Amino acid sequence: MTHWTRAGGTYTDDTREIVVVVGNGMVGLRCCEKLVELDTMRQYKVVTFCEEKRSAYHRMNMTQYFETRDKAALSLASEDWYQENDIDLLVGDAVVSIDRARKVVISRSGKELRYDKVVLATGSVPFYPPVPGIQFDTAYAGCSGENQGPAGVFGYRSLEDLDNIIEYSQKNKKVAVMGGGLLGLEAAKAAHDLGCEVHVIEMADWLMCRQINQEASDILVSKIEDLGIKVHLGAVTQEVMSEDGVMTGLRFKDGSELDVGMLIVSTGISPRDELARTAGLELGPRGGVAVDSQCRTSDADIFSVGEACVHKHSKYGSFVYGLVAPGYEMAEVVAQNLAGSDAGEPRTFGEADLSTKLKLLGCDVASFGEPFPQEEDSISLEMNDPFSRLYKKLHFSPDGKKLIGGILVGDASDYQLLAGLCKAGDDLPKDPKEYIYPSAGDSGTDDVLSLPASFQVCSCNDVSKGAITDFMAAASDADCTVGNIKACTGAGTGCGGCMPMVGDLFAAEMKAQGRTMKKDLCEHFAYSRQELFDLVRLGDITTFEEMIRVWGKGDGCEICKPAMASIFASINSEFILEDEHLHTLDTNDRFLANIQRGGTYSVVPRVPGGEITPAKLKVIAEVAEEYGLYTKITGGQRIDLFGAHKQDLPDIWRALVEAGFESGHAYGKALRTVKSCVGSEWCRFGQQQSVSFAIQVEERYKGIRAPHKIKSAVSGCIRECAEAQSKDFAYIATEEGYNFYIGGNGGAKPRHADLFLTGATAEECIAMTDRFLMFYIRTAKPLERTAWWMDRIEGGVDYLREVLIEDSLGICAELEADMQSLVDKYKCEWAEVVNNPEAQKRFRQFTNTEEKEYGIDFVDVRGMRRPADWFAGSGESLKVDDVEMKWSGLEWQKVGVVADFPPNSGATVKWGDVQIAVFNFAMKGEWYATHNMCPHKKAFVLDQGLLGSAGEDGEVPKVVCPLHKKQFDLRNGECISGDDMELPTFEVKVENGEVFLMLPEVGALDRFLSTKNNIVTADGLHSCSGGCASC
């Protein structure tokens, strides 16, 4: 714990040297991270001051806050991270002076702390032009300073700025953005997304004048104005007009005026150097803390990094780097030199790479290397296509052998390759003209093979082409995957921008090494899911048995069976519990509910749009009380009922169906929910009736099977209370209609949805959703969410616009017709079971008795009950040989008839107090029997697992546990998924339609295999050695 003393400012319990990092922005945090990583001897105690009210957040993604309104989503490190790494984080406190003589920093709150080293990472403040009406006090008043001019003028630097802009935009819809640079255009997009009329004011003759030229700017301006944003070039603002302290417009130098009620100023930055100035440190000619190549100031114990400093020896002169990448490099230089350089020589900061690639207002913009080289040092090639609105200008050395720099607008897909070639400085493998106008048939894979081994593929983690190809050369065929490349080299684990090149390199290198890139679904089908979908559709195939006979081999497995079941359902929309499909279903689909710990199930009735009547709420309560179910509100605005016994499911559904409920498909790879806010029906800010539209959407797409689960939402206004942009497809209401978003995900790998359509009517949204979902269903991989699918598709959202809006493939009418066919064939699966006595028989726990028993104990929790806690690790399975030695008197015992055991599935018989799973593997013409308990977690669920085969020739029959996918050889009970476990097995024979097991007399097995002696109890696993009272 820190102990502050005003006398000495020291830590009374720490002898380490103290490094004070002043500033906790992105670069300040990177300095802390690198000190933790590199200071292996733990010679430093790190303290960091954070002037803002929250610790470091992703300022580069700040504009996303307009979409999410979630400050936590931008956070770069939790408070726990600082504590775990022994870093003292002082939020809301700033260092106001440095006493270099005493080596003490003094904070605004009065804290004094002795230091050994200081790192100034104070960043910058906005530069405000000297225009009447733009008045900000930036002295210790947060990132943008305090507005002392008329109301309606804002900086664009902190999350507080964004909150203020959002609030003010509710009453002022005409906005001017002063500044046509990177941040200014981002601010323009944010204001546009808020539904404002937007004007971009730039005093130069073109936009982004530090990154691109006028020709490129013309392309960018045309694309921006297509969105309805007006761009004013060469416009010099003379005055911010106001009345009664409130902004009313802008007056320009030429005398013209612009009627706007709000101004966002983004005209550059000024380094925060006031702390260095008062401490007497050397400054740059135009401000900024002057540093050398080791980022050291004029005081040997004080360093400065990021936008606060200027590099004295830069070829650009006293230059403030306004990009985060140079700041990160500076932070790494300081941390490595403090920790001790491995090379012995101190690490230095050279010329920063100012290359940048952005998507501004939907338009790709990139520059790299020297975008404006001296004419005598270069020869340039240029492509300007005003019809496609594409611009490319590349600068080469006079001999044409090296790439010096370039500008790309409209299409920046070549950016990584070109920037890498420029940075490498090697001779180009192709003629210069090939980089402007590629030859017909040329591809990214051709280019990437010709790159040198030193070419940097991943700049985030400094991974070269050679590192990737070396890994691939050493990896086995099974291990040579893109996923393993990411895991073992680090490529693609940073921003992810290098993944297209990683994919190209992987494909090219696989071909060069003579390896085959397999797209096989599994060992039983040498086709991708998309190919199998087409084979089923075009060949009119309706069963798994026919499919594997014609196009596959073996008996199937836990991968291909559910995938094929999904395909059949997506094409034919048949009742999934038909006999011919039953054995292909994953456990949840097979029993129309989600299997939980201990083998019980959860039941989730559909609540369209989250709207539910008191009468229906009452029914749910009555059902929960009758069956002792644990109830919980889900994140999708539904009610989940946990702890249902399998054989009670039909009766539970009957009560719910009679009250008007339907299956919520929480168990299926299908539409889950359409979440909604109350919209204009209730909310004073609502712009459309979001609940009604959400119900319409959910009623249309309910029950439709897909490669993975699908979630949706409808938000009634830009406030986004339904969190629509984290859904697979969603709608946000505007005054004109709805903005349609696709490809969002809020799970383990969050992804904001892409805006696909704006100002659409409800009917237009439905038509576009039909197309989007059917195209996803046709082309995605198994268990691929829409977010991952969109990231994988070449061309991404732009390609989908071509296919689904412009109908480039001529399939839109077909997609809509296919969706309508599925909608028309919908039936509630719960109701189908409730009305079908034969289907209800499949839910019996035992085929030979109506008894019911739980496979786990329950404990009370807050007035309800839940399963007892699992023990740590895996269970100890009885060794089969030991068990068989202890029973005798084996005889053939009748346990049922063939009709009791569904083909290619399992069912359980009860013998005494022992559960035995019997498997009718009809595809093999074989029968098998094992103990029903999976030893991994002592769960009595194996009868509900999928059957399949393994081995090159499918010679190993297996069952897959539905809980954790442990796999067991049905012939001998051995675990074949790598765990040291095994199952007791029993011989089976079938005579005259009757099924027999080789068993001892009733009760003989109880001592070893009984349910009550093996279930997980509230006190832990009951371990029986044969001498307890229950034996």
# chains A, B, ... in the order shown; residues from 1 in each chain; ligands from 1
>>> residues_around(residues="Asp163 (chain A)", least_positions_apart="6", cutoff="12 Å", atoms="only C-alpha atoms", output="list of chain:residue names")
A:Met62, A:Thr63, A:Tyr65, A:Phe66, A:Arg69, A:Asp70, A:Lys71, A:Phe154, A:Gly155, A:Tyr156, A:Arg157, A:Ser169, A:Gln170, A:Ala190, A:Arg719
>>> select_by_dssp(residues="region 10-91 of chain A", states="strand (DSSP E or B)", output="list in words")
Glu17, Ile18, Val19, Val20, Val21, Val22, Tyr44, Lys45, Val46, Val47, Thr48, Phe49, Cys50, Tyr57, Ser75, Ile87, Asp88, Leu89, Leu90 and Val91 of chain A
>>> select_by_dssp(residues="region 717-816 of chain A", states="alpha helix (DSSP H)", output="ChimeraX atom specification")
/A:762-779,786-792,796-804,812-816
>>> write_last_selection(atoms="C-alpha atoms", output="PDB file, in the first residue's frame")
ATOM      1  CA  ALA A 762     -40.284  -1.556 -42.125  1.00  0.00           C
ATOM      2  CA  GLU A 763     -41.153  -3.365 -45.363  1.00  0.00           C
ATOM      3  CA  GLU A 764     -37.755  -2.587 -46.861  1.00  0.00           C
ATOM      4  CA  CYS A 765     -36.056  -3.822 -43.702  1.00  0.00           C
ATOM      5  CA  ILE A 766     -37.943  -7.115 -43.818  1.00  0.00           C
ATOM      6  CA  ALA A 767     -37.024  -7.717 -47.460  1.00  0.00           C
ATOM      7  CA  MET A 768     -33.370  -6.970 -46.786  1.00  0.00           C
ATOM      8  CA  THR A 769     -33.394  -9.187 -43.692  1.00  0.00           C
ATOM      9  CA  ASP A 770     -34.833 -12.050 -45.748  1.00  0.00           C
ATOM     10  CA  ARG A 771     -31.941 -11.735 -48.178  1.00  0.00           C
ATOM     11  CA  PHE A 772     -29.284 -11.335 -45.516  1.00  0.00           C
ATOM     12  CA  LEU A 773     -30.379 -14.332 -43.433  1.00  0.00           C
ATOM     13  CA  MET A 774     -30.852 -16.694 -46.364  1.00  0.00           C
ATOM     14  CA  PHE A 775     -27.466 -15.768 -47.852  1.00  0.00           C
ATOM     15  CA  TYR A 776     -25.872 -16.368 -44.444  1.00  0.00           C
ATOM     16  CA  ILE A 777     -27.676 -19.707 -44.083  1.00  0.00           C
ATOM     17  CA  ARG A 778     -26.435 -20.792 -47.508  1.00  0.00           C
ATOM     18  CA  THR A 779     -22.801 -19.732 -47.248  1.00  0.00           C
ATOM     19  CA  THR A 786     -22.728 -13.732 -38.639  1.00  0.00           C
ATOM     20  CA  ALA A 787     -19.912 -11.549 -37.235  1.00  0.00           C
ATOM     21  CA  TRP A 788     -17.218 -14.130 -38.020  1.00  0.00           C
ATOM     22  CA  TRP A 789     -18.855 -14.910 -41.367  1.00  0.00           C
ATOM     23  CA  MET A 790     -18.750 -11.247 -42.401  1.00  0.00           C
ATOM     24  CA  ASP A 791     -15.114 -10.909 -41.346  1.00  0.00           C
ATOM     25  CA  ARG A 792     -14.276 -13.986 -43.420  1.00  0.00           C
ATOM     26  CA  GLY A 796     -17.024  -7.855 -46.267  1.00  0.00           C
ATOM     27  CA  VAL A 797     -19.998  -5.525 -45.999  1.00  0.00           C
ATOM     28  CA  ASP A 798     -19.266  -3.883 -49.374  1.00  0.00           C
ATOM     29  CA  TYR A 799     -19.548  -7.277 -51.092  1.00  0.00           C
ATOM     30  CA  LEU A 800     -22.810  -7.985 -49.273  1.00  0.00           C
ATOM     31  CA  ARG A 801     -24.195  -4.657 -50.490  1.00  0.00           C
ATOM     32  CA  GLU A 802     -23.378  -5.696 -54.063  1.00  0.00           C
ATOM     33  CA  VAL A 803     -25.100  -9.076 -53.602  1.00  0.00           C
ATOM     34  CA  LEU A 804     -28.082  -8.101 -51.462  1.00  0.00           C
ATOM     35  CA  CYS A 812     -32.298 -11.678 -54.398  1.00  0.00           C
ATOM     36  CA  ALA A 813     -35.747 -12.809 -55.544  1.00  0.00           C
ATOM     37  CA  GLU A 814     -34.744 -16.417 -54.909  1.00  0.00           C
ATOM     38  CA  LEU A 815     -33.488 -15.596 -51.417  1.00  0.00           C
ATOM     39  CA  GLU A 816     -36.734 -13.837 -50.539  1.00  0.00           C
TER      40      GLU A 816
END
>>> atom_distance(atom1="CA of Gly340 (chain A)", atom2="CA of Thr40 (chain A)")
9.8 Å
>>> residues_around(residues="Phe661 (chain A)", least_positions_apart="6", cutoff="9 Å", atoms="only C-alpha atoms", output="PDB file with all heavy atoms, in the first residue's frame")
ATOM      1  N   PRO A 605     -39.708 -20.127 -22.868  1.00  0.00           N
ATOM      2  CA  PRO A 605     -40.796 -19.812 -23.800  1.00  0.00           C
ATOM      3  C   PRO A 605     -40.504 -18.516 -24.562  1.00  0.00           C
ATOM      4  O   PRO A 605     -39.802 -17.631 -24.062  1.00  0.00           O
ATOM      5  CB  PRO A 605     -42.010 -19.652 -22.885  1.00  0.00           C
ATOM      6  CG  PRO A 605     -41.443 -19.313 -21.546  1.00  0.00           C
ATOM      7  CD  PRO A 605     -40.104 -19.972 -21.464  1.00  0.00           C
ATOM      8  N   ARG A 606     -41.024 -18.426 -25.766  1.00  0.00           N
ATOM      9  CA  ARG A 606     -40.816 -17.217 -26.558  1.00  0.00           C
ATOM     10  C   ARG A 606     -41.639 -16.066 -25.988  1.00  0.00           C
ATOM     11  O   ARG A 606     -42.816 -16.227 -25.648  1.00  0.00           O
ATOM     12  CB  ARG A 606     -41.207 -17.466 -28.014  1.00  0.00           C
ATOM     13  CG  ARG A 606     -40.910 -16.267 -28.930  1.00  0.00           C
ATOM     14  CD  ARG A 606     -41.015 -16.617 -30.398  1.00  0.00           C
ATOM     15  NE  ARG A 606     -40.071 -17.664 -30.785  1.00  0.00           N
ATOM     16  CZ  ARG A 606     -38.770 -17.470 -30.974  1.00  0.00           C
ATOM     17  NH1 ARG A 606     -38.251 -16.266 -30.762  1.00  0.00           N
ATOM     18  NH2 ARG A 606     -37.988 -18.466 -31.350  1.00  0.00           N
ATOM     19  N   VAL A 607     -41.003 -14.899 -25.888  1.00  0.00           N
ATOM     20  CA  VAL A 607     -41.667 -13.667 -25.463  1.00  0.00           C
ATOM     21  C   VAL A 607     -41.363 -12.621 -26.534  1.00  0.00           C
ATOM     22  O   VAL A 607     -40.400 -11.861 -26.413  1.00  0.00           O
ATOM     23  CB  VAL A 607     -41.171 -13.209 -24.072  1.00  0.00           C
ATOM     24  CG1 VAL A 607     -41.906 -11.951 -23.634  1.00  0.00           C
ATOM     25  CG2 VAL A 607     -41.343 -14.316 -23.037  1.00  0.00           C
ATOM     26  N   LYS A 616     -49.887 -14.169 -18.636  1.00  0.00           N
ATOM     27  CA  LYS A 616     -48.839 -15.104 -19.032  1.00  0.00           C
ATOM     28  C   LYS A 616     -47.744 -15.193 -17.967  1.00  0.00           C
ATOM     29  O   LYS A 616     -47.186 -16.274 -17.738  1.00  0.00           O
ATOM     30  CB  LYS A 616     -48.248 -14.696 -20.376  1.00  0.00           C
ATOM     31  CG  LYS A 616     -49.141 -15.016 -21.567  1.00  0.00           C
ATOM     32  CD  LYS A 616     -48.417 -14.776 -22.881  1.00  0.00           C
ATOM     33  CE  LYS A 616     -49.240 -15.256 -24.063  1.00  0.00           C
ATOM     34  NZ  LYS A 616     -48.519 -15.065 -25.343  1.00  0.00           N
ATOM     35  N   TRP A 653     -44.485 -28.069 -21.261  1.00  0.00           N
ATOM     36  CA  TRP A 653     -44.827 -27.392 -22.517  1.00  0.00           C
ATOM     37  C   TRP A 653     -46.336 -27.304 -22.702  1.00  0.00           C
ATOM     38  O   TRP A 653     -46.838 -26.303 -23.220  1.00  0.00           O
ATOM     39  CB  TRP A 653     -44.205 -28.132 -23.710  1.00  0.00           C
ATOM     40  CG  TRP A 653     -42.703 -28.157 -23.679  1.00  0.00           C
ATOM     41  CD1 TRP A 653     -41.878 -27.273 -23.054  1.00  0.00           C
ATOM     42  CD2 TRP A 653     -41.875 -29.129 -24.303  1.00  0.00           C
ATOM     43  NE1 TRP A 653     -40.565 -27.632 -23.254  1.00  0.00           N
ATOM     44  CE2 TRP A 653     -40.529 -28.764 -24.018  1.00  0.00           C
ATOM     45  CE3 TRP A 653     -42.099 -30.264 -25.070  1.00  0.00           C
ATOM     46  CZ2 TRP A 653     -39.442 -29.509 -24.485  1.00  0.00           C
ATOM     47  CZ3 TRP A 653     -41.037 -31.002 -25.540  1.00  0.00           C
ATOM     48  CH2 TRP A 653     -39.711 -30.623 -25.250  1.00  0.00           C
ATOM     49  N   ALA A 655     -48.661 -26.959 -20.491  1.00  0.00           N
ATOM     50  CA  ALA A 655     -49.193 -25.841 -19.705  1.00  0.00           C
ATOM     51  C   ALA A 655     -48.853 -24.499 -20.352  1.00  0.00           C
ATOM     52  O   ALA A 655     -49.678 -23.577 -20.370  1.00  0.00           O
ATOM     53  CB  ALA A 655     -48.630 -25.902 -18.282  1.00  0.00           C
TER      54      ALA A 655
END
>>> residues_around(residues="Glu723 (chain A)", least_positions_apart="5", cutoff="9 Å", atoms="only C-alpha atoms", output="MDAnalysis selection string")
chainID A and resid 68 675:676 713:715
>>> write_last_selection(atoms="N, CA, C and O atoms", output="short mmCIF file (atom, residue, chain, number, x, y, z; two decimals), in the first residue's frame")
data_model
loop_
_atom_site.label_atom_id
_atom_site.label_comp_id
_atom_site.auth_asym_id
_atom_site.auth_seq_id
_atom_site.Cartn_x
_atom_site.Cartn_y
_atom_site.Cartn_z
N THR A 68 -22.46 3.05 -29.10
CA THR A 68 -22.66 2.13 -27.97
C THR A 68 -23.10 2.81 -26.69
O THR A 68 -23.77 2.19 -25.87
N LYS A 675 -34.78 -8.28 -29.16
CA LYS A 675 -34.86 -7.40 -28.00
C LYS A 675 -35.36 -6.03 -28.42
O LYS A 675 -35.09 -5.58 -29.54
N SER A 676 -36.09 -5.36 -27.54
CA SER A 676 -36.59 -4.04 -27.92
C SER A 676 -36.63 -3.11 -26.72
O SER A 676 -36.70 -3.55 -25.57
N ALA A 713 -32.44 -7.11 -32.49
CA ALA A 713 -32.96 -6.08 -31.59
C ALA A 713 -33.50 -4.92 -32.40
O ALA A 713 -33.12 -4.70 -33.56
N VAL A 714 -34.41 -4.16 -31.77
CA VAL A 714 -34.94 -2.93 -32.36
C VAL A 714 -34.84 -1.84 -31.30
O VAL A 714 -35.41 -1.96 -30.22
N SER A 715 -34.09 -0.79 -31.62
CA SER A 715 -34.00 0.37 -30.73
C SER A 715 -34.85 1.50 -31.29
O SER A 715 -34.84 1.77 -32.49
#
>>> residues_around(residues="region 824-833 of chain A", least_positions_apart="2", cutoff="7 Å", atoms="only C-alpha atoms", output="PyMOL selection string")
chain A and resi 573+650+653+657+662-663+703+820-822+835-836+839-840
>>> closest_residue(among="A:Lys632, A:Tyr415, A:Leu90, A:Ser124", to="Lys111 (chain A)", atoms="only C-alpha atoms")
A:Leu90
>>> atom_distance(atom1="CA of Ile559 (chain A)", atom2="CA of Glu523 (chain A)")
9.3 Å
>>> closest_residue(among="A:Gly896, A:Pro452, A:Pro902, A:Gly268", to="Val990 (chain A)", atoms="only C-alpha atoms")
A:Gly896
>>> residues_around(residues="Glu987 (chain A)", least_positions_apart="6", cutoff="12 Å", atoms="only C-alpha atoms", output="VMD selection string")
chain A and resid 890 to 893 916 to 919 926 to 931 970 to 973 995 to 1000
>>> write_last_selection(atoms="C-alpha atoms", output="compact mmCIF listing (two decimals), in the first residue's frame")
# COMPACT_ATOMS: atom_id res chain seq x y z
CA LEU A 890 -24.26 -63.33 -15.54
CA GLU A 891 -27.31 -64.19 -17.62
CA TRP A 892 -29.19 -62.76 -20.56
CA GLN A 893 -31.77 -60.41 -19.08
CA ILE A 916 -27.59 -48.63 -18.38
CA ALA A 917 -27.55 -46.86 -21.73
CA VAL A 918 -28.46 -49.08 -24.69
CA PHE A 919 -27.49 -47.94 -28.19
CA GLU A 926 -24.84 -53.26 -34.16
CA TRP A 927 -26.06 -52.84 -30.56
CA TYR A 928 -23.99 -51.62 -27.62
CA ALA A 929 -24.57 -50.95 -23.92
CA THR A 930 -22.61 -48.97 -21.30
CA HIS A 931 -23.08 -47.45 -17.88
CA LEU A 970 -18.75 -48.28 -27.47
CA ARG A 971 -16.99 -51.62 -27.88
CA ASN A 972 -14.81 -51.42 -24.77
CA GLY A 973 -15.71 -48.18 -22.99
CA VAL A 995 -33.48 -56.88 -26.48
CA PHE A 996 -31.31 -58.65 -23.90
CA LEU A 997 -28.28 -57.59 -21.83
CA MET A 998 -25.76 -59.91 -20.17
CA LEU A 999 -26.29 -58.91 -16.52
CA PRO A 1000 -26.11 -60.35 -13.02
>>> residues_around(residues="Tyr738 (chain A)", least_positions_apart="5", cutoff="6 Å", atoms="only C-alpha atoms", output="list in words")
Tyr731, Ile732, Ala733, Gly759 and Ala760 of chain A
>>> closest_residue(among="A:Gly405, A:Gly362, A:Gly28, A:Gly110", to="Glu329 (chain A)", atoms="only C-alpha atoms")
A:Gly28
>>> closest_residue(among="A:Gly400, A:Gly552, A:Ser217, A:Gly406", to="Pro373 (chain A)", atoms="only C-alpha atoms")
A:Gly406
>>> closest_residue(among="A:Ile576, A:Val22, A:Leu757, A:Val365", to="Phe303 (chain A)", atoms="only C-alpha atoms")
A:Val22
>>> closest_residue(among="A:Gly180, A:Ala216, A:Lys53, A:Ser459", to="Lys392 (chain A)", atoms="only C-alpha atoms")
A:Ala216
>>> closest_atom_pairs(of="region 686-764 of chain A", to="region 664-674 of chain A", cutoff="10 Å", atoms="only C-alpha atoms", output="CSV")
residue,atom,partner,partner_atom,distance
A:Val691,CA,A:Val674,CA,9.3
A:Phe693,CA,A:Val674,CA,9.5
A:Ala694,CA,A:Val674,CA,5.8
A:Ile695,CA,A:Val674,CA,7.4
A:Gln696,CA,A:Val674,CA,9.5
A:Val697,CA,A:Val674,CA,7.2
A:Glu698,CA,A:Val674,CA,5.8
A:Glu699,CA,A:Val674,CA,9.4
A:Tyr701,CA,A:Leu671,CA,6.6
A:Lys702,CA,A:Leu671,CA,5.7
A:Gly703,CA,A:Ala670,CA,6.0
A:Ile704,CA,A:Ala670,CA,5.5
A:Arg705,CA,A:Ala670,CA,4.5
A:Ala706,CA,A:Ala670,CA,5.4
A:Pro707,CA,A:Lys669,CA,6.4
A:His708,CA,A:Lys669,CA,4.6
A:Lys709,CA,A:Lys669,CA,4.1
A:Ile710,CA,A:Leu671,CA,4.6
A:Lys711,CA,A:Arg672,CA,5.5
A:Ser712,CA,A:Val674,CA,4.5
A:Ala713,CA,A:Val674,CA,4.6
A:Val714,CA,A:Val674,CA,7.0
A:Ala722,CA,A:Val674,CA,9.2
A:Ala724,CA,A:Val674,CA,9.2
A:Lys727,CA,A:Val674,CA,9.1
A:Asp728,CA,A:Leu671,CA,9.7
A:Phe729,CA,A:Val674,CA,9.4
A:Ala730,CA,A:Val674,CA,8.3
